[in-house]
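Shown below: target_33.pdb, with PDB, C-alpha atoms.
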ATOM      1  CA  ASN T   1    -108.927 101.814-132.618
ATOM      2  CA  ARG T   2    -110.218 104.365-130.157
ATOM      3  CA  TRP T   3    -107.777 106.731-128.465
ATOM      4  CA  TRP T   4    -108.349 109.255-125.682
ATOM      5  CA  LEU T   5    -106.930 112.748-125.428
ATOM      6  CA  TRP T   6    -105.960 113.615-121.873
ATOM      7  CA  THR T   7    -105.285 117.258-121.018
ATOM      8  CA  PHE T   8    -103.216 118.263-118.003
ATOM      9  CA  LEU T   9    -102.994 121.945-117.046
ATOM     10  CA  GLY T  10    -100.393 123.430-114.751
ATOM     11  CA  PRO T  11     -99.650 127.013-113.747
ATOM     12  CA  ASP T  12     -97.327 127.469-116.739
ATOM     13  CA  THR T  13     -97.766 124.309-118.828
ATOM     14  CA  VAL T  14    -100.349 122.385-120.816
ATOM     15  CA  VAL T  15     -99.721 118.717-121.631
ATOM     16  CA  PHE T  16    -101.744 116.761-124.165
ATOM     17  CA  LEU T  17    -101.400 113.009-123.823
ATOM     18  CA  ILE T  18    -102.923 110.472-126.208
ATOM     19  CA  ASP T  19    -103.541 107.008-124.778
ATOM     20  CA  PRO T  20    -105.638 104.033-125.916
ATOM     21  CA  THR T  21    -107.264 103.732-122.468
ATOM     22  CA  ARG T  22    -109.167 105.853-119.960
ATOM     23  CA  SER T  23    -107.689 103.988-117.001
ATOM     24  CA  THR T  24    -106.523 105.378-113.688
ATOM     25  CA  ARG T  25    -103.018 104.311-114.686
ATOM     26  CA  VAL T  26    -102.761 107.161-117.225
ATOM     27  CA  VAL T  27    -103.467 109.880-114.668
ATOM     28  CA  ALA T  28    -101.445 108.211-111.914
ATOM     29  CA  GLU T  29     -98.359 107.788-114.090
ATOM     30  CA  HIS T  30     -98.496 111.332-115.412
ATOM     31  CA  LEU T  31     -98.962 112.891-111.970
ATOM     32  CA  GLY T  32     -96.590 110.517-110.168
ATOM     33  CA  ILE T  33     -99.273 109.083-107.898
ATOM     34  CA  ASP T  34     -98.820 105.741-106.139
ATOM     35  CA  ILE T  35    -102.402 104.426-106.055
ATOM     36  CA  ASP T  36    -101.524 101.567-103.696
ATOM     37  CA  ALA T  37    -100.215 103.986-101.049
ATOM     38  CA  GLY T  38    -103.690 105.466-100.535
ATOM     39  CA  SER T  39    -102.353 109.008-100.233
ATOM     40  CA  LEU T  40     -99.956 111.445-101.812
ATOM     41  CA  GLU T  41     -96.506 112.056-100.400
ATOM     42  CA  PRO T  42     -96.548 114.157 -97.216
ATOM     43  CA  GLY T  43     -96.886 117.847 -98.034
ATOM     44  CA  ARG T  44     -98.087 117.228-101.594
ATOM     45  CA  GLN T  45    -101.582 118.302-102.614
ATOM     46  CA  LEU T  46    -103.387 118.122-105.949
ATOM     47  CA  LEU T  47    -106.632 119.605-107.187
ATOM     48  CA  ILE T  48    -108.205 117.767-110.134
ATOM     49  CA  SER T  49    -110.977 119.435-112.124
ATOM     50  CA  SER T  50    -112.998 116.816-113.967
ATOM     51  CA  ASP T  51    -116.317 115.159-114.686
ATOM     52  CA  PHE T  52    -117.673 112.265-112.610
ATOM     53  CA  TYR T  53    -115.814 109.571-114.554
ATOM     54  CA  SER T  54    -114.871 106.667-112.258
ATOM     55  CA  VAL T  55    -111.130 107.297-112.669
ATOM     56  CA  TYR T  56    -111.452 110.681-111.005
ATOM     57  CA  GLN T  57    -113.811 109.383-108.342
ATOM     58  CA  SER T  58    -111.252 106.757-107.306
ATOM     59  CA  LEU T  59    -108.482 109.354-107.218
ATOM     60  CA  GLY T  60    -110.682 111.620-105.101
ATOM     61  CA  ALA T  61    -110.488 109.017-102.340
ATOM     62  CA  LEU T  62    -106.730 109.592-101.934
ATOM     63  CA  ASP T  63    -105.559 111.766 -99.063
ATOM     64  CA  GLY T  64    -104.047 114.983-100.405
ATOM     65  CA  LEU T  65    -106.040 114.946-103.644
ATOM     66  CA  ASP T  66    -109.167 117.080-103.900
ATOM     67  CA  PRO T  67    -111.666 116.694-106.737
ATOM     68  CA  LEU T  68    -113.221 119.789-108.266
ATOM     69  CA  TRP T  69    -116.269 118.497-110.130
ATOM     70  CA  CYS T  70    -117.479 120.156-113.322
ATOM     71  CA  TRP T  71    -120.625 122.216-112.664
ATOM     72  CA  ALA T  72    -122.164 121.188-115.998
ATOM     73  CA  HIS T  73    -122.006 117.549-114.920
ATOM     74  CA  ILE T  74    -123.318 118.315-111.439
ATOM     75  CA  ARG T  75    -126.227 120.204-113.028
ATOM     76  CA  ARG T  76    -127.180 117.083-114.999
ATOM     77  CA  TYR T  77    -127.523 115.106-111.774
ATOM     78  CA  PHE T  78    -129.812 117.755-110.285
ATOM     79  CA  ILE T  79    -131.966 117.779-113.423
ATOM     80  CA  ARG T  80    -132.221 113.981-113.393
ATOM     81  CA  ALA T  81    -133.149 114.061-109.702
ATOM     82  CA  SER T  82    -135.853 116.668-110.260
ATOM     83  CA  ASP T  83    -137.298 114.662-113.175
ATOM     84  CA  ALA T  84    -137.449 111.481-111.083
TER      85      ALA T  84
END

Could the structure of this file be written out as C-alpha coordinates, please?
Amino acid sequence: NRWWLWTFLGPDTVVFLIDPTRSTRVVAEHLGIDIDAGSLEPGRQLLISSDFYSVYQSLGALDGLDPLWCWAHIRRYFIRASDA
(Lines of atoms letter the chains of each structure in order from A and count residues from 1; the text may use other names and numbers.)
(Lines give C-alpha, C1' and ligand atoms only; values in the text may rest on other atoms or scores of the structure.)
Protein backbone atom coordinates (compact mmCIF):
# COMPACT_ATOMS: atom_id res chain seq x y z
CA ASN A 1 0.00 0.00 0.00
CA ARG A 2 1.02 3.58 -0.62
CA TRP A 3 0.59 6.15 2.15
CA TRP A 4 1.08 9.92 2.08
CA LEU A 5 2.69 12.07 4.74
CA TRP A 6 0.89 15.37 5.16
CA THR A 7 2.62 18.14 7.09
CA PHE A 8 0.69 21.01 8.66
CA LEU A 9 2.61 23.92 10.18
CA GLY A 10 1.16 26.45 12.58
CA PRO A 11 2.74 29.31 14.51
CA ASP A 12 3.61 26.99 17.42
CA THR A 13 2.78 23.48 16.17
CA VAL A 14 3.75 20.95 13.54
CA VAL A 15 1.36 18.09 12.73
CA PHE A 16 2.34 15.05 10.70
CA LEU A 17 -0.60 13.10 9.35
CA ILE A 18 -0.34 9.80 7.48
CA ASP A 19 -3.23 8.96 5.17
CA PRO A 20 -3.68 6.46 2.33
CA THR A 21 -5.02 9.18 0.00
CA ARG A 22 -4.03 12.59 -1.34
CA SER A 23 -7.64 13.77 -1.49
CA THR A 24 -9.04 17.17 -0.62
CA ARG A 25 -10.88 15.47 2.24
CA VAL A 26 -7.63 15.08 4.23
CA VAL A 27 -6.82 18.79 4.18
CA ALA A 28 -10.44 19.88 4.64
CA GLU A 29 -10.98 17.64 7.67
CA HIS A 30 -7.74 18.67 9.33
CA LEU A 31 -8.33 22.39 8.80
CA GLY A 32 -12.07 22.27 9.49
CA ILE A 33 -13.05 23.46 6.02
CA ASP A 34 -16.54 22.88 4.63
CA ILE A 35 -15.82 22.45 0.90
CA ASP A 36 -19.51 22.60 -0.05
CA ALA A 37 -19.90 26.06 1.53
CA GLY A 38 -17.52 27.60 -1.03
CA SER A 39 -15.86 29.83 1.57
CA LEU A 40 -14.44 29.80 5.05
CA GLU A 41 -16.40 31.04 8.03
CA PRO A 42 -16.68 34.84 8.16
CA GLY A 43 -13.52 36.38 9.60
CA ARG A 44 -11.43 33.24 9.07
CA GLN A 45 -8.49 33.31 6.68
CA LEU A 46 -5.94 30.65 5.76
CA LEU A 47 -2.71 30.77 3.80
CA ILE A 48 -1.63 27.43 2.30
CA SER A 49 1.92 27.02 1.01
CA SER A 50 2.07 24.15 -1.46
CA ASP A 51 2.87 22.84 -4.91
CA PHE A 52 0.36 22.92 -7.78
CA TYR A 53 -1.31 19.63 -6.84
CA SER A 54 -5.02 19.70 -7.74
CA VAL A 55 -6.11 19.46 -4.09
CA TYR A 56 -4.53 22.81 -3.33
CA GLN A 57 -5.78 24.38 -6.55
CA SER A 58 -9.37 23.48 -5.63
CA LEU A 59 -8.92 24.86 -2.12
CA GLY A 60 -7.48 28.07 -3.58
CA ALA A 61 -10.89 28.75 -5.12
CA LEU A 62 -12.47 29.13 -1.66
CA ASP A 63 -13.09 32.63 -0.36
CA GLY A 64 -10.84 33.32 2.62
CA LEU A 65 -8.15 30.84 1.58
CA ASP A 66 -5.07 32.13 -0.22
CA PRO A 67 -2.61 29.80 -1.95
CA LEU A 68 1.10 30.50 -1.68
CA TRP A 69 2.66 28.47 -4.49
CA CYS A 70 6.13 26.97 -4.14
CA TRP A 71 8.67 28.94 -6.20
CA ALA A 72 10.51 25.77 -7.24
CA HIS A 73 7.32 24.49 -8.86
CA ILE A 74 6.56 27.84 -10.47
CA ARG A 75 10.10 27.89 -11.89
CA ARG A 76 9.47 24.54 -13.59
CA TYR A 77 6.49 26.01 -15.45
CA PHE A 78 8.58 28.93 -16.68
CA ILE A 79 11.33 26.58 -17.87
CA ARG A 80 8.80 24.39 -19.69
CA ALA A 81 7.27 27.48 -21.30
CA SER A 82 10.65 28.77 -22.46
CA ASP A 83 11.54 25.35 -23.92
CA ALA A 84 8.26 25.18 -25.85

(Q) Quick check, in Å to one decimal: how far apart do CA of Leu5 in chain T and CA of Leu17 in chain T lie? (A)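 Spanning CA of Leu5 in chain T to CA of Leu17 in chain T is a straight-line distance of 5.8 Å.
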
Q: Check which residues satisfy the PyMOL selection byres ((chain T and resi 38-53) around 6) in the file shown, then give them as an NGL selection string.
A: :T and (35-37 or 54-56 or 62-70)

Same residues, C-alpha atoms, output as a PDB file, keeping the file's coordinate frame:
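File produced: part-v6.pdb:
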ATOM      1  CA  ILE T  35    -102.402 104.426-106.055  1.00  0.00           C
ATOM      2  CA  ASP T  36    -101.524 101.567-103.696  1.00  0.00           C
ATOM      3  CA  ALA T  37    -100.215 103.986-101.049  1.00  0.00           C
ATOM      4  CA  SER T  54    -114.871 106.667-112.258  1.00  0.00           C
ATOM      5  CA  VAL T  55    -111.130 107.297-112.669  1.00  0.00           C
ATOM      6  CA  TYR T  56    -111.452 110.681-111.005  1.00  0.00           C
ATOM      7  CA  LEU T  62    -106.730 109.592-101.934  1.00  0.00           C
ATOM      8  CA  ASP T  63    -105.559 111.766 -99.063  1.00  0.00           C
ATOM      9  CA  GLY T  64    -104.047 114.983-100.405  1.00  0.00           C
ATOM     10  CA  LEU T  65    -106.040 114.946-103.644  1.00  0.00           C
ATOM     11  CA  ASP T  66    -109.167 117.080-103.900  1.00  0.00           C
ATOM     12  CA  PRO T  67    -111.666 116.694-106.737  1.00  0.00           C
ATOM     13  CA  LEU T  68    -113.221 119.789-108.266  1.00  0.00           C
ATOM     14  CA  TRP T  69    -116.269 118.497-110.130  1.00  0.00           C
ATOM     15  CA  CYS T  70    -117.479 120.156-113.322  1.00  0.00           C
TER      16      CYS T  70
END

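If all atoms listed in the file are the atoms counted, then among T:Thr24, T:Ile74, T:Val14, T:Ala81 the closest residue to Gln57 in chain T is T:Thr24.
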
(Q) Here's the selection I'm unsure about, the PyMOL selection byres ((chain T and resi 6) around 9); applied to the file above, which residues does it give, as a list of chain:residue names? (A) T:Trp4, T:Leu5, T:Thr7, T:Phe8, T:Val15, T:Phe16, T:Leu17, T:Ile18, T:Asp19, T:Arg22, T:Val26, T:Val27

Q. Taking into account only C-alpha atoms, which residue in the set T:Ser58, T:Asn1, T:Ser82, T:Thr13 is nearest to Ala28 in chain T?
A. T:Ser58

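As for CA of Pro11 in chain T and CA of Ala61 in chain T, they are spaced 23.9 Å apart.
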
(Q) One number please: CA of Arg76 in chain T to CA of Trp3 in chain T, in Å, one decimal. (A)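 Separation of CA of Arg76 in chain T and CA of Trp3 in chain T: 25.8 Å.
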
Return as JSON the box centre and box size in Å, one decimal, for an axis-aligned box around all listed atoms of range 30-43 of chain T padded by 3 Å per side.
{"center_x": -100.1, "center_y": 109.7, "center_z": -106.3, "size_x": 13.2, "size_y": 22.3, "size_z": 24.2}
